[in-house]
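**Q** One file is attached below, data04.tsv, containing TSV, C-alpha atoms.
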chain	number	residue	atom	x	y	z
A	2	MET	CA	115.01	85.57	46.23
A	3	GLN	CA	117.20	88.58	45.90
A	4	GLY	CA	119.14	89.09	42.70
A	5	TRP	CA	122.90	88.89	42.59
A	6	ASN	CA	124.72	92.20	42.81
A	7	VAL	CA	127.74	91.35	40.68
A	8	ALA	CA	129.73	94.25	39.20
A	9	LEU	CA	131.44	93.70	35.86
A	10	PHE	CA	134.12	96.26	36.76
A	11	PRO	CA	135.36	97.71	40.04
A	12	GLU	CA	133.90	101.07	40.96
A	13	ARG	CA	135.29	104.06	39.08
A	14	ALA	CA	136.81	106.39	41.67
A	15	SER	CA	139.43	108.39	39.78
A	16	THR	CA	139.80	110.42	36.62
A	17	HIS	CA	141.90	107.61	35.09
A	18	ALA	CA	139.17	105.01	35.45
A	19	ALA	CA	136.88	106.05	32.57
A	20	GLN	CA	139.79	106.32	30.11
A	21	VAL	CA	141.19	102.92	31.05
A	22	ASP	CA	137.77	101.26	30.89
A	23	ALA	CA	137.00	102.77	27.48
A	24	LEU	CA	140.30	101.54	26.06
A	25	TYR	CA	139.81	98.11	27.60
A	26	LEU	CA	136.29	97.76	26.17
A	27	PHE	CA	137.55	98.83	22.76
A	28	LEU	CA	140.26	96.15	22.85
A	29	VAL	CA	137.81	93.48	24.02
A	30	THR	CA	135.31	94.46	21.30
A	31	ILE	CA	137.92	94.34	18.54
A	32	CYS	CA	139.41	91.05	19.74
A	33	GLY	CA	135.97	89.48	20.27
A	34	THR	CA	134.72	90.58	16.85
A	35	MET	CA	137.83	89.21	15.11
A	36	ALA	CA	137.59	85.93	17.03
A	37	VAL	CA	133.98	85.46	15.94
A	38	LEU	CA	134.70	86.38	12.29
A	39	ILE	CA	137.72	84.08	12.07
A	40	SER	CA	135.80	81.20	13.65
A	41	LEU	CA	132.88	81.66	11.22
A	42	MET	CA	135.18	81.84	8.21
A	43	LEU	CA	136.98	78.67	9.32
A	44	ILE	CA	133.70	76.81	9.54
A	45	ILE	CA	132.41	78.19	6.21
A	46	PHE	CA	135.63	77.42	4.34
A	47	ALA	CA	135.94	73.96	5.92
A	48	VAL	CA	132.45	73.07	4.68
A	49	LYS	CA	132.55	74.77	1.29
A	50	TYR	CA	136.01	73.66	0.26
A	51	ARG	CA	136.09	70.23	1.86
A	52	ARG	CA	137.66	67.43	-0.12
A	53	SER	CA	135.25	65.46	-2.31
A	54	LYS	CA	135.61	62.74	-4.97
A	55	GLY	CA	135.58	63.66	-8.64
A	56	ARG	CA	136.37	67.29	-7.96
A	57	PRO	CA	139.75	68.31	-9.42
A	58	ALA	CA	141.77	70.96	-7.55
A	59	GLN	CA	141.91	74.42	-9.08
A	60	GLN	CA	144.68	76.98	-8.88
A	61	ILE	CA	143.46	80.16	-7.15
A	62	GLU	CA	145.27	83.31	-8.20
A	63	GLY	CA	146.02	86.13	-5.77
A	64	ASN	CA	143.81	89.19	-5.37
A	65	ASN	CA	145.78	92.38	-4.86
A	66	ILE	CA	142.80	94.41	-3.61
A	67	LEU	CA	141.93	91.75	-1.04
A	68	GLU	CA	145.54	91.44	0.17
A	69	ILE	CA	145.95	95.21	0.48
A	70	THR	CA	142.64	95.44	2.36
A	71	TRP	CA	143.49	92.78	4.96
A	72	THR	CA	146.88	94.43	5.48
A	73	VAL	CA	145.83	98.09	5.69
A	74	VAL	CA	142.65	97.64	7.78
A	75	PRO	CA	144.35	95.69	10.62
A	76	LEU	CA	147.27	98.16	10.51
A	77	CYS	CA	144.87	101.07	11.02
A	78	ILE	CA	143.14	99.26	13.88
A	79	PHE	CA	146.47	98.47	15.56
A	80	MET	CA	147.64	102.05	15.18
A	81	VAL	CA	144.45	103.25	16.88
A	82	MET	CA	145.20	100.84	19.74
A	83	PHE	CA	148.79	102.03	19.96
A	84	VAL	CA	148.07	105.76	19.88
A	85	TRP	CA	145.14	105.47	22.29
A	86	GLY	CA	147.08	103.25	24.70
A	87	ALA	CA	150.17	105.47	24.52
A	88	SER	CA	148.12	108.58	25.28
A	89	VAL	CA	146.52	106.93	28.34
A	90	TYR	CA	149.93	105.75	29.56
A	91	TYR	CA	151.56	109.12	28.88
A	92	GLU	CA	148.92	110.97	30.85
A	93	GLY	CA	149.16	108.53	33.75
A	94	ALA	CA	152.96	108.67	33.83
A	95	ARG	CA	153.31	112.46	34.05
A	96	PRO	CA	152.04	113.91	37.34
A	97	PRO	CA	150.50	117.39	37.02
A	98	ALA	CA	152.35	120.33	38.49
A	99	ASN	CA	151.60	121.12	42.15
A	100	SER	CA	150.43	117.58	42.90
A	101	GLU	CA	150.49	116.61	46.56
A	102	GLU	CA	153.52	114.36	47.00
A	103	ILE	CA	153.44	111.29	49.23
A	104	TRP	CA	156.33	108.85	49.70
A	105	VAL	CA	155.77	105.10	49.64
A	106	VAL	CA	158.29	102.48	50.81
A	107	ALA	CA	157.37	98.88	50.01
A	108	LYS	CA	158.88	95.99	51.94
A	109	GLN	CA	158.02	92.38	52.63
A	110	TRP	CA	155.15	92.49	53.35
A	111	MET	CA	153.74	95.95	54.00
A	112	TRP	CA	153.27	99.42	52.58
A	113	LYS	CA	154.90	102.22	54.59
A	114	ILE	CA	153.49	105.67	53.77
A	115	GLN	CA	155.14	108.98	54.66
A	116	HIS	CA	153.39	112.34	54.17
A	117	LEU	CA	155.52	115.46	53.87
A	118	ASP	CA	153.71	117.07	56.82
A	119	GLY	CA	154.69	114.25	59.15
A	120	GLN	CA	151.86	111.72	59.12
A	121	ARG	CA	153.02	108.13	58.82
A	122	GLU	CA	150.92	105.12	57.89
A	123	ILE	CA	151.28	101.38	57.41
A	124	ASN	CA	149.04	99.63	54.87
A	125	GLU	CA	146.81	102.70	54.73
A	126	LEU	CA	146.90	105.76	52.51
A	127	HIS	CA	144.77	108.80	53.33
A	128	VAL	CA	144.27	111.25	50.47
A	129	PRO	CA	141.89	114.15	49.73
A	130	VAL	CA	139.12	113.91	47.18
A	131	GLY	CA	139.34	116.21	44.17
A	132	ARG	CA	143.11	116.77	44.29
A	133	ASP	CA	146.04	115.44	42.26
A	134	VAL	CA	148.22	113.11	44.35
A	135	GLN	CA	151.69	111.95	43.29
A	136	LEU	CA	153.23	108.85	44.84
A	137	ASN	CA	157.03	108.58	44.91
A	138	MET	CA	157.80	104.92	45.50
A	139	ILE	CA	160.77	102.66	46.19
A	140	SER	CA	161.20	99.11	47.48
A	141	GLN	CA	163.40	98.16	50.41
A	142	ASP	CA	163.87	94.57	49.22
A	143	VAL	CA	162.26	92.97	46.13
A	144	ILE	CA	160.00	94.13	43.31
A	145	HIS	CA	156.46	95.00	44.40
A	146	SER	CA	153.55	96.56	42.49
A	147	PHE	CA	151.19	99.26	43.78
A	148	PHE	CA	147.67	98.50	42.54
A	149	VAL	CA	144.36	100.20	43.34
A	150	PRO	CA	141.64	98.64	41.11
A	151	GLU	CA	139.06	101.39	41.68
A	152	PHE	CA	141.56	104.02	40.53
A	153	ARG	CA	142.77	101.87	37.58
A	154	ILE	CA	146.39	102.56	38.54
A	155	LYS	CA	149.24	100.07	38.86
A	156	ALA	CA	152.99	100.69	38.94
A	157	ASP	CA	155.98	98.54	39.80
A	158	VAL	CA	157.87	99.50	42.94
A	159	LEU	CA	161.55	98.73	42.42
A	160	PRO	CA	164.57	98.43	44.72
A	161	GLN	CA	167.33	101.03	44.25
A	162	ARG	CA	165.12	103.15	41.98
A	163	TYR	CA	162.30	105.65	42.41
A	164	THR	CA	159.11	105.17	40.43
A	165	HIS	CA	156.16	107.54	40.29
A	166	ILE	CA	152.43	107.33	39.76
A	167	TRP	CA	149.60	109.79	40.27
A	168	PHE	CA	145.82	109.83	40.55
A	169	HIS	CA	142.93	112.19	41.12
A	170	ALA	CA	140.29	110.63	43.37
A	171	THR	CA	136.72	111.61	42.53
A	172	LYS	CA	134.74	109.85	45.26
A	173	ALA	CA	135.21	109.77	49.02
A	174	GLY	CA	135.34	106.28	50.48
A	175	GLU	CA	137.63	103.33	51.16
A	176	TYR	CA	139.28	101.34	48.37
A	177	HIS	CA	141.43	98.24	48.16
A	178	LEU	CA	145.22	98.42	47.89
A	179	PHE	CA	147.05	95.34	46.60
A	180	CYS	CA	150.55	94.26	45.69
A	181	ALA	CA	150.18	92.96	42.13
A	182	GLU	CA	153.68	91.44	41.85
A	183	TYR	CA	154.57	88.14	43.55
A	184	CYS	CA	157.01	89.20	46.26
A	185	GLY	CA	157.44	86.15	48.46
A	186	THR	CA	155.57	83.70	50.66
A	187	LEU	CA	153.25	86.29	52.24
A	188	HIS	CA	152.54	88.17	49.02
A	189	SER	CA	148.79	87.57	49.34
A	190	GLY	CA	148.81	89.31	52.72
A	191	MET	CA	150.39	92.51	51.39
A	192	VAL	CA	147.11	94.40	51.21
A	193	GLY	CA	145.84	97.69	52.52
A	194	ARG	CA	143.30	100.39	51.89
A	195	VAL	CA	143.15	103.87	50.40
A	196	VAL	CA	140.93	106.25	52.37
A	197	VAL	CA	139.66	109.17	50.29
A	198	MET	CA	138.43	112.00	52.50
A	199	GLU	CA	136.74	115.33	52.01
A	200	PRO	CA	139.32	118.17	51.98
A	201	ALA	CA	138.35	119.55	55.41
A	202	GLN	CA	138.45	116.10	57.01
A	203	TYR	CA	141.76	115.35	55.34
A	204	GLN	CA	143.36	118.55	56.64
A	205	ALA	CA	142.14	117.75	60.15
A	206	TRP	CA	143.57	114.23	59.87
A	207	LEU	CA	146.84	115.55	58.43
A	208	ALA	CA	147.26	117.99	61.32
A	209	GLY	CA	147.42	115.05	63.70
A	210	GLY	CA	150.87	114.15	62.47
A	211	GLY	CA	152.53	117.28	63.80
A	212	ALA	CA	153.97	115.39	66.76
A	213	PHE	CA	156.19	113.39	64.41
A	214	GLY	CA	157.61	116.48	62.74
A	215	SER	CA	157.61	117.02	59.01
A	216	LEU	CA	159.69	114.82	56.74
A	217	ALA	CA	162.07	117.74	56.09
A	218	GLN	CA	162.43	118.41	59.83
A	219	ASN	CA	163.29	114.79	60.46
A	220	GLY	CA	165.80	115.00	57.63
A	221	GLN	CA	167.40	118.09	59.14
A	222	LYS	CA	167.85	116.33	62.48
A	223	LEU	CA	169.33	113.31	60.72
A	224	PHE	CA	171.62	115.61	58.73
A	225	GLN	CA	173.00	117.01	61.97
A	226	ASP	CA	173.18	113.67	63.81
A	227	LEU	CA	175.21	112.09	61.01
A	228	GLY	CA	177.68	114.99	61.01
A	229	CYS	CA	176.88	116.03	57.44
A	230	ILE	CA	176.80	119.66	58.52
A	231	THR	CA	180.55	119.65	59.24
A	232	CYS	CA	181.40	119.21	55.54
A	233	HIS	CA	178.40	120.63	53.68
A	234	ARG	CA	178.85	124.20	54.86
A	235	ASN	CA	178.07	127.42	53.04
A	236	ASP	CA	181.60	128.82	53.10
A	237	ALA	CA	184.89	128.37	51.30
A	238	GLN	CA	186.19	126.00	54.01
A	239	ALA	CA	183.56	123.39	53.21
A	240	ARG	CA	184.74	119.96	52.14
A	241	GLY	CA	181.46	119.17	50.41
A	242	PRO	CA	179.18	120.97	47.93
A	243	ASN	CA	176.87	123.75	49.06
A	244	LEU	CA	173.45	122.09	49.34
A	245	THR	CA	171.45	125.32	49.52
A	246	GLY	CA	169.46	125.55	46.32
A	247	LEU	CA	171.07	122.39	44.97
A	248	TYR	CA	167.90	120.43	44.26
A	249	GLY	CA	166.68	120.64	40.67
A	250	ARG	CA	169.75	122.47	39.40
A	251	PRO	CA	172.55	121.35	37.05
A	252	VAL	CA	175.62	119.93	38.76
A	253	THR	CA	179.03	119.67	37.09
A	254	LEU	CA	180.97	116.53	38.00
A	255	SER	CA	184.73	116.04	38.28
A	256	ASP	CA	184.77	114.12	34.98
A	257	GLY	CA	183.15	117.03	33.13
A	258	ARG	CA	179.64	115.59	32.91
A	259	THR	CA	176.61	117.66	33.86
A	260	LEU	CA	173.45	116.27	35.40
A	261	THR	CA	170.42	117.47	37.34
A	262	ALA	CA	170.27	117.08	41.11
A	263	ASP	CA	167.02	115.10	41.42
A	264	ASP	CA	165.83	112.49	43.91
A	265	ALA	CA	167.82	109.67	42.29
A	266	TYR	CA	171.04	111.73	42.26
A	267	VAL	CA	170.70	112.75	45.92
A	268	ARG	CA	169.97	109.16	46.94
A	269	GLU	CA	172.99	107.85	45.06
A	270	SER	CA	175.19	110.55	46.56
A	271	ILE	CA	174.17	109.42	50.06
A	272	LEU	CA	174.61	105.68	49.50
A	273	ASP	CA	177.42	105.69	46.91
A	274	PRO	CA	179.07	109.14	47.14
A	275	LYS	CA	182.10	108.22	45.04
A	276	ALA	CA	179.97	107.36	41.99
A	277	LYS	CA	179.46	110.99	40.96
A	278	VAL	CA	181.86	113.48	42.57
A	279	VAL	CA	181.13	117.19	42.17
A	280	ALA	CA	183.83	119.22	40.41
A	281	GLY	CA	186.20	120.93	42.82
A	282	PHE	CA	185.86	118.38	45.62
A	283	GLN	CA	187.68	115.22	46.65
A	284	PRO	CA	185.89	111.83	46.98
A	285	ILE	CA	186.18	111.78	50.76
A	286	MET	CA	182.52	111.38	51.74
A	287	PRO	CA	181.79	108.00	53.41
A	288	SER	CA	178.93	105.83	52.28
A	289	PHE	CA	175.86	105.62	54.52
A	290	ARG	CA	174.68	102.36	52.99
A	291	GLY	CA	173.68	100.05	55.81
A	292	GLN	CA	173.37	102.96	58.25
A	293	LEU	CA	170.23	104.42	56.70
A	294	ASP	CA	167.05	102.70	55.64
A	295	GLU	CA	164.94	104.00	52.77
A	296	GLU	CA	162.88	106.15	55.13
A	297	GLY	CA	166.00	107.88	56.40
A	298	VAL	CA	167.15	108.55	52.84
A	299	LEU	CA	163.73	110.02	52.02
A	300	ALA	CA	163.98	112.32	55.03
A	301	LEU	CA	167.37	113.61	53.89
A	302	ILE	CA	166.06	114.16	50.36
A	303	ALA	CA	163.10	116.12	51.75
A	304	TYR	CA	165.47	118.27	53.80
A	305	ILE	CA	167.70	119.03	50.81
A	306	ARG	CA	164.59	119.86	48.80
A	307	SER	CA	163.47	122.29	51.48
A	308	LEU	CA	166.69	124.33	51.54
A	309	GLY	CA	166.35	127.88	50.23
A	310	GLN	CA	166.76	128.67	46.57
A	311	GLN	CA	169.81	130.47	45.23
A	312	ARG	CA	169.92	132.80	42.28
A	313	LEU	CA	170.74	130.89	39.13
A	314	SER	CA	173.96	132.90	38.78
A	315	GLU	CA	175.32	131.48	42.04
A	316	PRO	CA	177.42	128.31	41.84
A	317	VAL	CA	176.27	125.04	43.34
A	318	THR	CA	179.77	124.43	44.68
A	319	ASN	CA	181.48	126.57	47.31
A	320	ARG	CA	184.73	126.86	45.43
A	321	PRO	CA	185.71	127.40	41.78
A	322	PRO	CA	185.89	124.31	39.58
A	323	PRO	CA	189.25	123.08	38.28
A	324	PRO	CA	190.63	124.88	35.21
A	325	ASN	CA	189.76	122.03	32.81
A	326	ALA	CA	186.13	121.70	33.99
A	327	PRO	CA	183.36	123.35	31.89
A	328	PRO	CA	181.20	126.09	33.42
A	329	ALA	CA	178.30	124.93	35.59
A	330	GLY	CA	175.17	124.31	33.59
A	331	LYS	CA	177.01	123.78	30.30
A	332	LYS	CA	176.69	120.31	28.83
A	333	VAL	CA	179.74	118.57	27.47
A	334	GLN	CA	179.46	117.73	23.82
Represent the structure contained in this file as structure tokens.

**A**
Amino acid sequence: MQGWNVALFPERASTHAAQVDALYLFLVTICGTMAVLISLMLIIFAVKYRRSKGRPAQQIEGNNILEITWTVVPLCIFMVMFVWGASVYYEGARPPANSEEIWVVAKQWMWKIQHLDGQREINELHVPVGRDVQLNMISQDVIHSFFVPEFRIKADVLPQRYTHIWFHATKAGEYHLFCAEYCGTLHSGMVGRVVVMEPAQYQAWLAGGGAFGSLAQNGQKLFQDLGCITCHRNDAQARGPNLTGLYGRPVTLSDGRTLTADDAYVRESILDPKAKVVAGFQPIMPSFRGQLDEEGVLALIAYIRSLGQQRLSEPVTNRPPPPNAPPAGKKVQ
């Protein structure tokens, strides 16, 4: 009779896995040890100090050393848990520079994947082994959760908000992808797979998406089809801000506030353009909510990201700000 091949943990297939497992085992060891000690002490005290006839009760005075010990020792243990857990979370929440970015749109009940080079996938995610990969995620309907057990990564995917997670796969192969947040009647069917490939194989696979055009190219076509180019021009006659070099730079708003043009800002400006109006311009841009799905918004963001960089001395807007507005890049106190 063959023995059972039962794994205590899923396979470790990312750089996060060993850190998460070590922390988990530490927590289980501490909790298990304390559970055993408390159970033993309950039994010992229940037997030793049980009620018996002819035995008068005695007043037990406090013991300062004992009380300090059982306060300080657990505090130190909990602080180790906190610092260790925070460090693991902090590392997992901050993608390294130059990570390969992939966009994920969750919807009932599927995962839609968009690579910057043009490849599109549904319920599958192809990634290279030995490279940092950053996932930029958003939900088209309800809250979902992106979970790959072998990578020890899990992150909520929220509507109206971008969330991020990253991993570094260490082994080629296929791994399970689950939604770990109940998202409706077919939640259990919202599964997929992550395919980790050798770099050469991945590049060959990635090249097959050229027929779709890159995400930025699709965004450029959408930018023209929607008529955005008629207002967002690079001259003084423009009725909208100059988008060349906009991404990642400070933007001064009509109310004097200054913020950074990131993914969330660009998305909000597309779907709710009157929420944050750039200084020097009128709130005349129409909302594209209902006309664009999340994939269309991602394409426009990719296009704006791809526009050439300006010198930092050049203004983001095409015209001078009003006299009472602070200089671009200066925060209002």

**Q** If I take CA of Gln109 in chain A and CA of Gln161 in chain A, how far is one from the other in Å, to one decimal?

**A**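 Spanning CA of Gln109 in chain A to CA of Gln161 in chain A is a straight-line distance of 15.2 Å.
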
**Q** Point out the residue among A:Thr34, A:Gly241, A:Glu296, A:Leu308 with the least atom-to-atom distance to Val278 in chain A, counting all atoms listed in the file.

**A**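 Residue with the minimum atom-to-atom distance to Val278 in chain A: A:Gly241.
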
**Q** Need the neighbours of (146.0, 100.6, 37.6): which residues are at most 12 Å away, counting all atoms listed in the file, as a compact mmCIF listing (two decimals) with C-alpha atoms, in the coordinates of the input?

**A**
# COMPACT_ATOMS: atom_id res chain seq x y z
CA PRO A 11 135.36 97.71 40.04
CA ARG A 13 135.29 104.06 39.08
CA ALA A 14 136.81 106.39 41.67
CA SER A 15 139.43 108.39 39.78
CA THR A 16 139.80 110.42 36.62
CA HIS A 17 141.90 107.61 35.09
CA ALA A 18 139.17 105.01 35.45
CA ALA A 19 136.88 106.05 32.57
CA GLN A 20 139.79 106.32 30.11
CA VAL A 21 141.19 102.92 31.05
CA ASP A 22 137.77 101.26 30.89
CA VAL A 89 146.52 106.93 28.34
CA TYR A 90 149.93 105.75 29.56
CA GLY A 93 149.16 108.53 33.75
CA ALA A 94 152.96 108.67 33.83
CA SER A 146 153.55 96.56 42.49
CA PHE A 147 151.19 99.26 43.78
CA PHE A 148 147.67 98.50 42.54
CA VAL A 149 144.36 100.20 43.34
CA PRO A 150 141.64 98.64 41.11
CA GLU A 151 139.06 101.39 41.68
CA PHE A 152 141.56 104.02 40.53
CA ARG A 153 142.77 101.87 37.58
CA ILE A 154 146.39 102.56 38.54
CA LYS A 155 149.24 100.07 38.86
CA ALA A 156 152.99 100.69 38.94
CA ASP A 157 155.98 98.54 39.80
CA ILE A 166 152.43 107.33 39.76
CA TRP A 167 149.60 109.79 40.27
CA PHE A 168 145.82 109.83 40.55
CA HIS A 177 141.43 98.24 48.16
CA LEU A 178 145.22 98.42 47.89
CA PHE A 179 147.05 95.34 46.60
CA CYS A 180 150.55 94.26 45.69
CA ALA A 181 150.18 92.96 42.13

**Q** So that I can check the surroundings of range 115-131 of chain A, please list as a PyMOL selection string every protein, DNA and RNA residue that reaches within 9 Å of it, counting all atoms listed in the file and ignoring chain neighbours fewer than 2 positions away.

**A** chain A and resi 15+101-106+111-113+133-134+169-173+178+191-204+206-219+296+303

**Q** Could you check which of A:Thr72, A:Gln283, A:Ser288, A:Ser307 is closest to Pro242 in chain A, using all atoms listed in the file?

**A**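 Looking only at the distances to Pro242 in chain A, the closest residue turns out to be A:Gln283.
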
**Q** Which one is closest to Ser100 in chain A: A:Leu136, A:Ala239, A:Leu159, A:Leu26? Count all atoms listed in the file.

**A**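 Closest to Ser100 in chain A, using all atoms listed in the file: A:Leu136.
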
**Q** Have a look at CA of Ala47 in chain A and CA of Gly63 in chain A and let me know their distance in Å, one decimal.

**A**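 Atom-to-atom, CA of Ala47 in chain A to CA of Gly63 in chain A, that is 19.7 Å.
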
**Q** State, in Å with one decimal place, the distance from CA of Ile66 in chain A to CA of Phe46 in chain A.

**A**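 Separation between CA of Ile66 in chain A and CA of Phe46 in chain A: 20.1 Å.
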
**Q** Pick the closest to Met286 in chain A from A:Ala23, A:Leu299, A:Val48, A:Cys232: which is it, counting all atoms listed in the file?

**A**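 When distances to Met286 in chain A are compared using all atoms listed in the file, the smallest one comes from A:Cys232.
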
**Q** From the options A:Ser255, A:Thr30, A:Gln221, A:Thr245, which residue's atoms come nearest to Ile78 in chain A, counting all atoms listed in the file?

**A** A:Thr30

**Q** Could you tell me which of A:Asp263, A:Val279, A:Ile271, A:Arg240 comes closest to Gly291 in chain A if we count all atoms listed in the file?

**A**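 Ranking A:Asp263, A:Val279, A:Ile271, A:Arg240 by distance to Gly291 in chain A, first place goes to A:Ile271.
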